[in-house]
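Structure data follow from protein.pdb (PDB, C-alpha atoms and all ligand atoms):
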ATOM      1  CA  MET X 676      21.452  16.767-119.460
ATOM      2  CA  ARG X 677      23.437  17.502-116.335
ATOM      3  CA  VAL X 678      25.125  20.235-114.352
ATOM      4  CA  ILE X 679      28.778  20.366-113.265
ATOM      5  CA  PHE X 680      29.863  22.734-110.521
ATOM      6  CA  SER X 681      33.450  23.884-110.335
ATOM      7  CA  ASN X 682      34.888  23.307-106.874
ATOM      8  CA  ARG X 683      34.899  27.027-106.323
ATOM      9  CA  ALA X 684      31.269  27.569-107.432
ATOM     10  CA  TYR X 685      30.028  24.732-105.237
ATOM     11  CA  THR X 686      31.982  26.025-102.251
ATOM     12  CA  SER X 687      30.552  29.505-102.831
ATOM     13  CA  VAL X 688      27.011  28.123-102.523
ATOM     14  CA  LEU X 689      27.954  26.261 -99.339
ATOM     15  CA  ALA X 690      29.627  29.318 -97.855
ATOM     16  CA  GLU X 691      26.739  31.636 -98.647
ATOM     17  CA  THR X 692      24.220  29.177 -97.193
ATOM     18  CA  ALA X 693      26.255  28.704 -94.018
ATOM     19  CA  GLU X 694      26.765  32.418 -93.571
ATOM     20  CA  LYS X 695      23.043  33.258 -93.846
ATOM     21  CA  ILE X 696      21.822  30.145 -92.082
ATOM     22  CA  LYS X 697      18.967  31.945 -90.313
ATOM     23  CA  THR X 698      17.433  33.474 -93.424
ATOM     24  CA  GLU X 699      16.875  32.663 -97.039
ATOM     25  CA  THR X 700      19.597  33.536 -99.452
ATOM     26  CA  GLY X 701      20.637  32.762-102.991
ATOM     27  CA  GLY X 702      22.889  33.761-105.816
ATOM     28  CA  LEU X 703      23.651  33.660-109.509
ATOM     29  CA  PHE X 704      25.467  31.111-111.660
ATOM     30  CA  LEU X 705      28.028  32.115-114.259
ATOM     31  CA  GLY X 706      29.238  29.540-116.711
ATOM     32  CA  THR X 707      28.685  28.016-120.062
ATOM     33  CA  ILE X 708      26.593  25.385-121.811
ATOM     34  CA  GLN X 709      28.069  22.727-124.043
ATOM     35  CA  ASP X 710      26.711  19.420-125.328
ATOM     36  CA  ASP X 711      23.749  19.397-122.960
ATOM     37  CA  THR X 712      25.994  20.051-119.974
ATOM     38  CA  TRP X 713      25.747  23.178-117.891
ATOM     39  CA  TYR X 714      29.112  24.131-116.433
ATOM     40  CA  ILE X 715      28.847  26.413-113.408
ATOM     41  CA  ILE X 716      32.252  28.063-113.182
ATOM     42  CA  GLU X 717      31.386  30.748-110.651
ATOM     43  CA  ALA X 718      28.540  31.322-108.199
ATOM     44  CA  ILE X 719      28.161  34.866-106.982
ATOM     45  CA  ASP X 720      26.360  36.068-103.897
ATOM     46  CA  PRO X 721      23.157  38.144-104.062
ATOM     47  CA  GLY X 722      24.716  41.291-102.603
ATOM     48  CA  PRO X 723      24.363  43.369 -99.440
ATOM     49  CA  LYS X 724      21.113  44.991-100.548
ATOM     50  CA  SER X 725      19.335  41.795-101.577
ATOM     51  CA  ILE X 726      15.948  41.050-100.041
ATOM     52  CA  PHE X 727      14.815  37.557 -99.124
ATOM     53  CA  GLU X 728      11.366  37.125 -97.680
ATOM     54  CA  VAL X 729       9.053  34.155 -97.517
ATOM     55  CA  ALA X 730       7.508  34.558-100.945
ATOM     56  CA  TYR X 731       9.752  37.161-102.403
ATOM     57  CA  PHE X 732      13.360  37.712-103.237
ATOM     58  CA  GLU X 733      15.341  40.300-105.047
ATOM     59  CA  TYR X 734      19.034  40.449-105.792
ATOM     60  CA  ASP X 735      21.062  43.584-105.382
ATOM     61  CA  GLN X 736      21.292  44.247-109.094
ATOM     62  CA  LYS X 737      23.909  46.968-109.038
ATOM     63  CA  TYR X 738      26.161  44.775-106.972
ATOM     64  CA  THR X 739      25.603  41.571-108.972
ATOM     65  CA  GLN X 740      26.101  43.292-112.309
ATOM     66  CA  HIS X 741      29.322  44.810-111.029
ATOM     67  CA  LEU X 742      30.565  41.481-109.735
ATOM     68  CA  ILE X 743      29.541  39.606-112.895
ATOM     69  CA  ASN X 744      31.667  41.952-114.990
ATOM     70  CA  LYS X 745      34.608  41.786-112.603
ATOM     71  CA  ILE X 746      34.648  38.011-112.362
ATOM     72  CA  ALA X 747      33.905  37.338-116.027
ATOM     73  CA  ASN X 748      36.846  39.527-116.951
ATOM     74  CA  LEU X 749      39.247  37.107-115.259
ATOM     75  CA  TYR X 750      38.381  34.225-117.534
ATOM     76  CA  ASP X 751      39.706  33.461-120.966
ATOM     77  CA  LYS X 752      36.357  32.187-122.259
ATOM     78  CA  GLN X 753      33.259  34.273-121.981
ATOM     79  CA  LEU X 754      31.125  33.447-118.954
ATOM     80  CA  LEU X 755      27.381  33.711-119.303
ATOM     81  CA  LEU X 756      24.718  34.253-116.696
ATOM     82  CA  ILE X 757      23.156  30.789-116.930
ATOM     83  CA  GLY X 758      21.014  30.528-113.846
ATOM     84  CA  LEU X 759      20.390  31.120-110.187
ATOM     85  CA  TRP X 760      19.821  29.425-106.873
ATOM     86  CA  HIS X 761      18.126  30.172-103.598
ATOM     87  CA  ARG X 762      17.465  28.577-100.271
ATOM     88  CA  HIS X 763      14.036  27.353 -99.257
ATOM     89  CA  PRO X 764      12.819  26.797 -95.717
ATOM     90  CA  GLY X 765      12.526  23.236 -94.378
ATOM     91  CA  SER X 766      12.174  20.556 -97.012
ATOM     92  CA  PHE X 767      10.225  22.594 -99.522
ATOM     93  CA  ASP X 768      12.095  21.836-102.735
ATOM     94  CA  GLN X 769       9.646  23.116-105.311
ATOM     95  CA  PHE X 770       9.164  26.569-106.731
ATOM     96  CA  SER X 771       6.671  29.150-105.518
ATOM     97  CA  SER X 772       4.717  31.266-107.971
ATOM     98  CA  THR X 773       7.140  34.138-107.348
ATOM     99  CA  ASP X 774       9.960  31.784-108.233
ATOM    100  CA  ASP X 775       8.153  30.895-111.476
ATOM    101  CA  GLY X 776       8.254  34.529-112.517
ATOM    102  CA  THR X 777      11.938  34.873-111.741
ATOM    103  CA  ASN X 778      12.828  31.575-113.401
ATOM    104  CA  ALA X 779      10.876  32.503-116.532
ATOM    105  CA  LYS X 780      12.825  35.742-116.743
ATOM    106  CA  TYR X 781      16.159  33.948-116.627
ATOM    107  CA  ALA X 782      14.987  31.222-119.019
ATOM    108  CA  SER X 783      13.964  33.829-121.574
ATOM    109  CA  MET X 784      17.562  34.994-121.897
ATOM    110  CA  ARG X 785      18.761  32.142-124.076
ATOM    111  CA  LYS X 786      17.412  29.353-126.205
ATOM    112  CA  GLU X 787      18.605  26.647-123.798
ATOM    113  CA  GLY X 788      16.595  28.262-120.997
ATOM    114  CA  ALA X 789      18.277  28.459-117.603
ATOM    115  CA  ILE X 790      19.078  26.387-114.554
ATOM    116  CA  SER X 791      17.575  27.109-111.184
ATOM    117  CA  ALA X 792      18.615  25.355-107.986
ATOM    118  CA  LEU X 793      16.988  25.090-104.593
ATOM    119  CA  VAL X 794      18.958  24.567-101.416
ATOM    120  CA  ASN X 795      17.376  22.919 -98.384
ATOM    121  CA  ILE X 796      18.810  22.237 -94.957
ATOM    122  CA  ASP X 797      16.762  19.328 -93.629
ATOM    123  CA  PRO X 798      18.881  19.099 -91.566
ATOM    124  CA  LYS X 799      21.770  18.541 -93.947
ATOM    125  CA  PHE X 800      22.668  20.624 -96.946
ATOM    126  CA  ARG X 801      21.204  19.439-100.230
ATOM    127  CA  ILE X 802      20.645  20.913-103.679
ATOM    128  CA  THR X 803      17.784  20.191-106.056
ATOM    129  CA  MET X 804      18.748  21.216-109.556
ATOM    130  CA  TYR X 805      16.179  22.137-112.195
ATOM    131  CA  GLN X 806      16.473  23.051-115.827
ATOM    132  CA  VAL X 807      13.955  25.711-116.823
ATOM    133  CA  ASP X 808      12.626  25.618-120.358
ATOM    134  CA  ARG X 809      11.014  28.614-121.924
ATOM    135  CA  PRO X 810       8.581  30.001-120.987
ATOM    136  CA  CYS X 811       8.598  28.144-117.661
ATOM    137  CA  SER X 812       8.612  24.360-117.377
ATOM    138  CA  TYR X 813      10.880  22.404-115.082
ATOM    139  CA  ARG X 814      12.741  19.196-115.092
ATOM    140  CA  LYS X 815      14.983  17.892-112.373
ATOM    141  CA  ILE X 816      18.484  17.181-113.579
ATOM    142  CA  PRO X 817      21.487  15.607-111.858
ATOM    143  CA  TYR X 818      24.588  17.504-110.876
ATOM    144  CA  ASP X 819      28.209  16.742-110.070
ATOM    145  CA  VAL X 820      31.015  18.701-108.490
ATOM    146  CA  GLY X 821      34.618  18.776-109.622
ATOM    147  CA  ASP X 822      37.076  20.824-111.632
ATOM    148  CA  ASN X 823      38.303  17.543-113.121
ATOM    149  CA  LEU X 824      34.926  17.139-114.862
ATOM    150  CA  ILE X 825      35.221  20.514-116.601
ATOM    151  CA  PRO X 826      37.155  21.085-119.847
ATOM    152  CA  ASP X 827      40.289  23.095-118.982
ATOM    153  CA  LYS X 828      39.432  25.865-121.414
ATOM    154  CA  PHE X 829      36.417  26.885-119.291
ATOM    155  CA  LEU X 830      38.493  27.226-116.143
ATOM    156  CA  LYS X 831      41.377  29.024-117.753
ATOM    157  CA  PHE X 832      42.115  32.606-116.762
ATOM    158  CA  LYS X 833      43.201  35.230-119.231
ATOM    159  CA  SER X 834      46.955  35.134-119.674
ATOM    160  CA  LEU X 835      49.487  37.871-119.035
ATOM    161  CA  GLU X 836      49.868  38.176-122.821
ATOM    162  CA  LYS X 837      46.160  38.746-123.209
ATOM    163  CA  PHE X 838      46.080  41.437-120.542
ATOM    164  CA  ASN X 839      49.161  43.018-122.087
ATOM    165  CA  SER X 840      47.452  43.189-125.429
ATOM    166  CA  ILE X 841      44.336  44.700-123.819
ATOM    167  CA  ILE X 842      46.533  47.274-122.070
ATOM    168  CA  ASN X 843      48.327  48.099-125.304
ATOM    169  CA  ASN X 844      45.073  48.406-127.160
ATOM    170  CA  SER X 845      43.608  50.838-124.686
ATOM    171  CA  LEU X 846      46.784  52.914-124.539
ATOM    172  CA  TYR X 847      46.834  53.024-128.298
ATOM    173  CA  LEU X 848      43.137  53.785-128.568
ATOM    174  CA  SER X 849      43.324  56.540-126.004
ATOM    175  CA  SER X 850      45.813  58.535-128.026
ATOM    176  CA  SER X 851      46.197  58.487-131.774
ATOM    177  CA  LYS X 852      43.483  56.115-132.853
ATOM    178  CA  ARG X 853      40.720  57.728-130.863
ATOM    179  CA  LYS X 854      41.326  60.954-132.733
ATOM    180  CA  ALA X 855      41.274  59.106-136.014
ATOM    181  CA  VAL X 856      37.908  57.563-135.331
ATOM    182  CA  GLU X 857      36.241  60.645-133.919
ATOM    183  CA  GLY X 858      32.986  61.211-135.664
ATOM    184  CA  TYR X 859      32.294  57.549-135.559
ATOM    185  CA  HIS X 860      30.363  56.224-132.629
ATOM    186  CA  ARG X 861      32.196  53.152-131.558
ATOM    187  CA  SER X 862      31.021  49.983-129.890
ATOM    188  CA  VAL X 863      27.285  50.331-129.748
ATOM    189  CA  SER X 864      25.244  47.370-128.619
ATOM    190  CA  LEU X 865      22.707  45.819-130.973
ATOM    191  CA  ALA X 866      19.957  46.314-128.398
ATOM    192  CA  THR X 867      20.789  50.013-128.126
ATOM    193  CA  PHE X 868      20.788  50.393-131.865
ATOM    194  CA  ILE X 869      17.337  48.836-132.246
ATOM    195  CA  LYS X 870      16.003  50.879-129.370
ATOM    196  CA  PHE X 871      17.318  53.987-131.067
ATOM    197  CA  ILE X 872      15.676  53.332-134.435
ATOM    198  CA  SER X 873      12.511  51.543-133.283
ATOM    199  CA  PRO X 874      10.338  54.673-132.872
ATOM    200  CA  MET X 875      10.681  55.181-136.619
ATOM    201  CA  LEU X 876       9.796  51.607-137.530
ATOM    202  CA  HIS X 877       6.241  50.546-138.179
ATOM    203  CA  ASP X 878       4.896  47.493-136.430
ATOM    204  CA  GLU X 879       3.342  45.161-138.982
ATOM    205  CA  GLU X 880       1.335  43.313-136.338
ATOM    206  CA  CYS X 881       2.271  39.888-137.512
ATOM    207  CA  THR X 882       3.697  38.484-134.308
ATOM    208  CA  ASP X 883       2.013  35.226-135.148
ATOM    209  CA  VAL X 884       4.720  34.447-137.665
ATOM    210  CA  GLY X 885       3.122  31.094-138.426
ATOM    211  CA  ALA X 886       0.327  32.962-140.152
ATOM    212  CA  ASN X 887       2.800  34.486-142.557
ATOM    213  CA  ASN X 888       3.396  31.331-144.520
ATOM    214  CA  LEU X 889       7.158  31.461-144.183
ATOM    215  CA  LEU X 890       9.310  30.209-146.968
ATOM    216  CA  GLY X 891      12.436  28.351-145.984
ATOM    217  CA  ASP X 892      14.240  26.847-148.945
ATOM    218  CA  GLU X 893      17.782  27.571-149.959
ATOM    219  CA  PRO X 894      17.202  30.367-152.501
ATOM    220  CA  ILE X 895      15.174  32.190-149.851
ATOM    221  CA  GLN X 896      17.976  31.859-147.320
ATOM    222  CA  GLU X 897      20.400  33.307-149.813
ATOM    223  CA  ARG X 898      18.017  36.110-150.505
ATOM    224  CA  LEU X 899      17.721  36.896-146.806
ATOM    225  CA  VAL X 900      21.488  37.159-146.503
ATOM    226  CA  ASP X 901      21.591  39.268-149.614
ATOM    227  CA  GLU X 902      18.913  41.615-148.275
ATOM    228  CA  ILE X 903      20.496  42.320-144.908
ATOM    229  CA  ILE X 904      24.172  42.318-145.816
ATOM    230  CA  ASP X 905      24.305  46.048-146.551
ATOM    231  CA  ASP X 906      22.834  46.895-143.181
ATOM    232  CA  LEU X 907      25.148  44.512-141.366
ATOM    233  CA  THR X 908      28.117  46.099-143.085
ATOM    234  CA  PHE X 909      26.904  49.567-142.189
ATOM    235  CA  MET X 910      26.364  48.564-138.566
ATOM    236  CA  ALA X 911      29.798  46.957-138.324
ATOM    237  CA  ASP X 912      31.772  49.659-140.136
ATOM    238  CA  ALA X 913      30.093  52.865-139.046
ATOM    239  CA  LEU X 914      28.878  51.891-135.577
ATOM    240  CA  ASP X 915      31.142  49.003-134.653
ATOM    241  CA  ILE X 916      28.209  46.758-133.828
ATOM    242  CA  GLU X 917      29.558  43.241-133.902
ATOM    243  CA  THR X 918      26.921  40.659-134.695
ATOM    244  CA  ALA X 919      26.815  36.988-135.577
ATOM    245  CA  ILE X 920      24.518  35.372-138.124
ATOM    246  CA  CYS X 921      22.760  32.052-137.891
ATOM    247  CA  LEU X 922      20.631  30.414-140.589
ATOM    248  CA  GLU X 923      18.021  27.997-139.332
ATOM    249  CA  ASN X 924      15.094  26.637-141.334
ATOM    250  CA  ASN X 925      12.911  29.645-142.049
ATOM    251  CA  TYR X 926      14.900  32.116-140.040
ATOM    252  CA  LEU X 927      17.983  34.121-140.413
ATOM    253  CA  THR X 928      18.983  35.342-136.992
ATOM    254  CA  ILE X 929      21.428  38.085-136.239
ATOM    255  CA  TYR X 930      22.485  38.153-132.651
ATOM    256  CA  GLN X 931      24.856  39.677-130.204
ATOM    257  CA  GLU X 932      25.778  38.127-126.898
ATOM    258  CA  ALA X 933      26.514  40.200-123.861
ATOM    259  CA  ILE X 934      27.194  38.950-120.395
ATOM    260  CA  ASP X 935      23.642  39.338-119.175
ATOM    261  CA  LYS X 936      21.585  38.813-122.301
ATOM    262  CA  THR X 937      21.573  37.919-125.943
ATOM    263  CA  THR X 938      19.937  40.282-128.373
ATOM    264  CA  LYS X 939      18.378  38.583-131.377
ATOM    265  CA  ILE X 940      16.627  39.782-134.499
ATOM    266  CA  TYR X 941      14.876  37.212-136.649
ATOM    267  CA  PHE X 942      14.527  37.761-140.383
ATOM    268  CA  MET X 943      12.214  35.689-142.533
ATOM    269  CA  PHE X 944      10.396  35.762-145.809
ATOM    270  CA  SER X 945       6.642  36.022-145.587
ATOM    271  CA  ALA X 946       4.851  34.638-148.606
ATOM    272  CA  ALA X 947       1.632  36.159-147.276
ATOM    273  CA  LYS X 948       3.169  39.622-147.364
ATOM    274  CA  GLN X 949       5.500  38.901-150.258
ATOM    275  CA  SER X 950       8.203  40.594-148.276
ATOM    276  CA  VAL X 951      11.078  40.062-145.913
ATOM    277  CA  ILE X 952       9.952  40.726-142.371
ATOM    278  CA  PHE X 953      11.847  40.786-139.113
ATOM    279  CA  SER X 954      10.809  40.307-135.565
ATOM    280  CA  TYR X 955      12.299  41.784-132.449
ATOM    281  CA  ASP X 956      10.971  41.927-128.916
ATOM    282  CA  ASN X 957       7.625  40.393-129.949
ATOM    283  CA  LYS X 958       7.047  42.956-132.630
ATOM    284  CA  CYS X 959       7.193  42.406-136.326
ATOM    285  CA  TYR X 960       8.323  44.783-139.045
ATOM    286  CA  ARG X 961       8.463  44.791-142.808
ATOM    287  CA  TYR X 962      12.022  44.938-144.047
ATOM    288  CA  HIS X 963      13.759  46.129-147.188
ATOM    289  CA  LYS X 964      17.387  46.424-148.156
ATOM    290  CA  GLY X 965      19.123  49.239-146.257
ATOM    291  CA  LEU X 966      16.204  49.870-143.893
ATOM    292  CA  PHE X 967      18.418  50.034-140.788
ATOM    293  CA  LYS X 968      20.866  52.492-142.260
ATOM    294  CA  GLU X 969      18.057  54.620-143.654
ATOM    295  CA  THR X 970      16.149  54.645-140.374
ATOM    296  CA  PHE X 971      19.305  55.346-138.403
ATOM    297  CA  GLU X 972      20.151  58.370-140.556
ATOM    298  CA  LYS X 973      16.591  59.670-140.301
ATOM    299  CA  THR X 974      16.430  59.229-136.541
ATOM    300  CA  LYS X 975      19.807  60.874-136.120
ATOM    301  CA  ALA X 976      18.815  63.821-138.284
ATOM    302  CA  ASN X 977      15.572  64.260-136.333
ATOM    303  CA  ARG X 978      17.352  64.205-133.017
ATOM    304  CA  GLU X 979      19.959  66.659-134.185
ATOM    305  CA  GLN X 980      17.258  68.959-135.447
ATOM    306  CA  ARG X 981      15.444  68.736-132.137
ATOM    307  CA  ASP X 982      18.605  69.281-130.142
ATOM    308  CA  ASN X 983      19.543  72.263-132.272
ATOM    309  CA  ASN X 984      16.150  73.801-131.649
ATOM    310  CA  GLU X 985      16.490  73.259-127.952
ATOM    311  CA  LYS X 986      19.983  74.618-127.761
ATOM    312  CA  SER X 987      19.747  77.399-130.286
ATOM    313  CA  ASN X 988      20.559  80.024-127.685
ATOM    314  CA  LYS X 989      23.385  78.134-126.107
ATOM    315  CA  PRO X 990      26.395  77.919-128.323
ATOM    316  CA  GLN X 991      28.260  74.886-127.102
ATOM    317  CA  LYS X 992      30.045  71.934-128.493
ATOM    318  CA  GLN X 993      27.497  69.495-129.849
ATOM    319  CA  MET X 994      27.817  66.148-128.212
ATOM    320  CA  GLY X 995      27.372  63.172-130.470
ATOM    321  CA  VAL X 996      23.640  62.794-130.143
ATOM    322  CA  PHE X 997      23.822  59.089-130.438
ATOM    323  CA  ASP X 998      26.547  58.956-127.819
ATOM    324  CA  SER X 999      24.451  60.797-125.334
ATOM    325  CA  VAL X1000      21.492  58.464-125.522
ATOM    326  CA  ILE X1001      23.277  55.176-125.569
ATOM    327  CA  LYS X1002      24.714  52.960-122.977
ATOM    328  CA  ILE X1003      27.738  51.357-124.418
ATOM    329  CA  ILE X1004      28.217  47.698-123.901
ATOM    330  CA  LYS X1005      31.585  46.741-125.204
ATOM    331  CA  LEU X1006      31.810  43.190-126.352
ATOM    332  CA  ASN X1007      34.856  41.139-125.916
ATOM    333  CA  LYS X1008      35.742  40.983-129.575
ATOM    334  CA  ASP X1009      38.312  38.279-129.558
ATOM    335  CA  GLU X1010      36.465  35.794-127.445
ATOM    336  CA  GLY X1011      36.050  32.495-129.094
TER     337      GLY X1011
HETATM  338 ZN    ZN X1101      11.560  30.307-103.665
END
Before we go any further, please render this structure as structure tokens.
Amino acid sequence: MRVIFSNRAYTSVLAETAEKIKTETGGLFLGTIQDDTWYIIEAIDPGPKSIFEVAYFEYDQKYTQHLINKIANLYDKQLLLIGLWHRHPGSFDQFSSTDDGTNAKYASMRKEGAISALVNIDPKFRITMYQVDRPCSYRKIPYDVGDNLIPDKFLKFKSLEKFNSIINNSLYLSSSKRKAVEGYHRSVSLATFIKFISPMLHDEECTDVGANNLLGDEPIQERLVDEIIDDLTFMADALDIETAICLENNYLTIYQEAIDKTTKIYFMFSAAKQSVIFSYDNKCYRYHKGLFKETFEKTKANREQRDNNEKSNKPQKQMGVFDSVIKIIKLNKDEG
């Protein structure tokens, strides 16, 4: 396992360190992971409102999120938030307990964990690179610098043609098509969807999935696909929630990647419960065919009822209830 910095990302770390030489500083890594190699394509600064103290640091989240979106939008391939770095005083090149908390948070975002780098000036600039496994264990890994070590596709910007097609799409969508799809609630994130329906789901308290005697042979995998396919179709067609499926041993995972996190729902068959169950956010639920659609319709009806009661004296155009509670995260559909 190793890390490759693009020339630009490496220079960004140098520049940030040199600029804030009297204090601690740090930043975030955007890039991609392939074949055990972490490619850092961009390193972004922590922002004007970041706080760096001896045992504490905090990035300016509004600023970094803004910059992540701006920079990621330049590239042809999707860039992921894969890690972070910060400067330590003197020669201290290990993590503090505060760092452990931050690193664990970043590592929890994807199955490969994250990378976390420490910069020391003692008295020359040096980087110590760590890979952080979930929940929080470290190993030092080597790094190199050079665009020539990075596959071209990761460094490639979006082309004029691609931007033209995006422009066309939005022009088109903003006129005729938007009218045609009114009534549908487009481009909802998977996380938002689950958050919306979760109050109506019942926690089965089986977070210890090992205790559920999971079955994992081929007929079971087929059955899992068969069980959830209706809901996936509903989510894709009615709500435009784009998800990917992955079958792995006992689990069927549906997931959706966004720039700052991946949302995953694990489905499995519990022999103990003689039922399909799914787990999300450390909670576990019993599942049956069409549960998501059913729960969505129920939740929506309840909300509409509630809103109608609240607004009964104010005749006004009803906003799409779902629209008003969701934060839309639009995925780059044709990345790949
Ligand atoms: Zn630290």
Sorted by chain and rising residue number, list the residues of chain X at most 7 Å from ligand ZN 1101 (chain X) (counting all atoms listed in the file), each with its closest atom pair and distance in Å to one decimal, as a Markdown table.
| residue | atom | partner | partner_atom | distance |
| --- | --- | --- | --- | --- |
| X:Ala730 | CA | X:ZN1101 | ZN | 6.5 |
| X:His761 | CA | X:ZN1101 | ZN | 6.6 |
| X:His763 | CA | X:ZN1101 | ZN | 5.9 |
| X:Phe770 | CA | X:ZN1101 | ZN | 5.4 |
| X:Ser771 | CA | X:ZN1101 | ZN | 5.4 |
| X:Thr773 | CA | X:ZN1101 | ZN | 6.9 |
| X:Asp774 | CA | X:ZN1101 | ZN | 5.1 |
note - CA of Asp710 in chain X and CA of Ile802 in chain X are separated by 22.5 Å
CA of Ser783 in chain X to CA of Cys921 in chain X: how many Å, to one decimal?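 Atom-to-atom, CA of Ser783 in chain X and CA of Cys921 in chain X are spaced 18.6 Å apart.
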I'd like the interatomic distance between CA of Ile679 in chain X and CA of Ala919 in chain X, to a tenth of an Å.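 If I compute the distance from CA of Ile679 in chain X to CA of Ala919 in chain X, I get 27.9 Å.
Minimum atom-to-atom distance to Ser766 in chain X, evaluated using only C-alpha atoms, belongs to X:Leu793 out of X:Ile895, X:Leu927, X:Leu793, X:Leu914.
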Go through X:Glu923, X:Asp808, X:Arg898, X:Glu972 and flag the residue nearest Val951 in chain X, using all atoms listed in the file for the distances.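 Nearest to Val951 in chain X: X:Arg898.
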Write out as an MDAnalysis selection string each polymer residue whose atoms come within 12 Å of range 961-971 of chain X, counting all atoms listed in the file; drop sequence neighbours fewer than 4 positions from it. chainID X and resid 865 867:882 887 898:914 940:945 947:955 975:978 996:997
Output C-alpha atoms for every residue in that selection, as a PDB file, in the frame of the given file.
ATOM      1  CA  LEU X 865      22.707  45.819-130.973  1.00  0.00           C
ATOM      2  CA  THR X 867      20.789  50.013-128.126  1.00  0.00           C
ATOM      3  CA  PHE X 868      20.788  50.393-131.865  1.00  0.00           C
ATOM      4  CA  ILE X 869      17.337  48.836-132.246  1.00  0.00           C
ATOM      5  CA  LYS X 870      16.003  50.879-129.370  1.00  0.00           C
ATOM      6  CA  PHE X 871      17.318  53.987-131.067  1.00  0.00           C
ATOM      7  CA  ILE X 872      15.676  53.332-134.435  1.00  0.00           C
ATOM      8  CA  SER X 873      12.511  51.543-133.283  1.00  0.00           C
ATOM      9  CA  PRO X 874      10.338  54.673-132.872  1.00  0.00           C
ATOM     10  CA  MET X 875      10.681  55.181-136.619  1.00  0.00           C
ATOM     11  CA  LEU X 876       9.796  51.607-137.530  1.00  0.00           C
ATOM     12  CA  HIS X 877       6.241  50.546-138.179  1.00  0.00           C
ATOM     13  CA  ASP X 878       4.896  47.493-136.430  1.00  0.00           C
ATOM     14  CA  GLU X 879       3.342  45.161-138.982  1.00  0.00           C
ATOM     15  CA  GLU X 880       1.335  43.313-136.338  1.00  0.00           C
ATOM     16  CA  CYS X 881       2.271  39.888-137.512  1.00  0.00           C
ATOM     17  CA  THR X 882       3.697  38.484-134.308  1.00  0.00           C
ATOM     18  CA  ASN X 887       2.800  34.486-142.557  1.00  0.00           C
ATOM     19  CA  ARG X 898      18.017  36.110-150.505  1.00  0.00           C
ATOM     20  CA  LEU X 899      17.721  36.896-146.806  1.00  0.00           C
ATOM     21  CA  VAL X 900      21.488  37.159-146.503  1.00  0.00           C
ATOM     22  CA  ASP X 901      21.591  39.268-149.614  1.00  0.00           C
ATOM     23  CA  GLU X 902      18.913  41.615-148.275  1.00  0.00           C
ATOM     24  CA  ILE X 903      20.496  42.320-144.908  1.00  0.00           C
ATOM     25  CA  ILE X 904      24.172  42.318-145.816  1.00  0.00           C
ATOM     26  CA  ASP X 905      24.305  46.048-146.551  1.00  0.00           C
ATOM     27  CA  ASP X 906      22.834  46.895-143.181  1.00  0.00           C
ATOM     28  CA  LEU X 907      25.148  44.512-141.366  1.00  0.00           C
ATOM     29  CA  THR X 908      28.117  46.099-143.085  1.00  0.00           C
ATOM     30  CA  PHE X 909      26.904  49.567-142.189  1.00  0.00           C
ATOM     31  CA  MET X 910      26.364  48.564-138.566  1.00  0.00           C
ATOM     32  CA  ALA X 911      29.798  46.957-138.324  1.00  0.00           C
ATOM     33  CA  ASP X 912      31.772  49.659-140.136  1.00  0.00           C
ATOM     34  CA  ALA X 913      30.093  52.865-139.046  1.00  0.00           C
ATOM     35  CA  LEU X 914      28.878  51.891-135.577  1.00  0.00           C
ATOM     36  CA  ILE X 940      16.627  39.782-134.499  1.00  0.00           C
ATOM     37  CA  TYR X 941      14.876  37.212-136.649  1.00  0.00           C
ATOM     38  CA  PHE X 942      14.527  37.761-140.383  1.00  0.00           C
ATOM     39  CA  MET X 943      12.214  35.689-142.533  1.00  0.00           C
ATOM     40  CA  PHE X 944      10.396  35.762-145.809  1.00  0.00           C
ATOM     41  CA  SER X 945       6.642  36.022-145.587  1.00  0.00           C
ATOM     42  CA  ALA X 947       1.632  36.159-147.276  1.00  0.00           C
ATOM     43  CA  LYS X 948       3.169  39.622-147.364  1.00  0.00           C
ATOM     44  CA  GLN X 949       5.500  38.901-150.258  1.00  0.00           C
ATOM     45  CA  SER X 950       8.203  40.594-148.276  1.00  0.00           C
ATOM     46  CA  VAL X 951      11.078  40.062-145.913  1.00  0.00           C
ATOM     47  CA  ILE X 952       9.952  40.726-142.371  1.00  0.00           C
ATOM     48  CA  PHE X 953      11.847  40.786-139.113  1.00  0.00           C
ATOM     49  CA  SER X 954      10.809  40.307-135.565  1.00  0.00           C
ATOM     50  CA  TYR X 955      12.299  41.784-132.449  1.00  0.00           C
ATOM     51  CA  LYS X 975      19.807  60.874-136.120  1.00  0.00           C
ATOM     52  CA  ALA X 976      18.815  63.821-138.284  1.00  0.00           C
ATOM     53  CA  ASN X 977      15.572  64.260-136.333  1.00  0.00           C
ATOM     54  CA  ARG X 978      17.352  64.205-133.017  1.00  0.00           C
ATOM     55  CA  VAL X 996      23.640  62.794-130.143  1.00  0.00           C
ATOM     56  CA  PHE X 997      23.822  59.089-130.438  1.00  0.00           C
TER      57      PHE X 997
END
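Among the candidate residues X:Asp735, X:Glu691, X:Asp982, X:Asp751, the one lying nearest to Phe800 in chain X is X:Glu691, with distances computed using only C-alpha atoms.
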For Gly821 in chain X, which of X:Val678, X:Thr974, X:Leu759, X:Asn983 is the closest residue, counting all atoms listed in the file? X:Val678
I'd like the residues picked by the PyMOL selection byres (((chain X and resi 749) around 10) and not hetatm) written out as an MDAnalysis selection string, using the chain letters and numbers from the file. chainID X and resid 744:748 750:754 830:834 838
Written as a list in words, which residues does the PyMOL selection byres (((chain X and resi 799) around 12) and not hetatm) give for the file shown?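 Taken on the displayed file, the PyMOL selection byres (((chain X and resi 799) around 12) and not hetatm) yields the residues Leu689, Thr692, Ala693, Ile696, Gly765, Ser766, Val794, Asn795, Ile796, Asp797, Pro798, Phe800, Arg801 and Ile802 of chain X.
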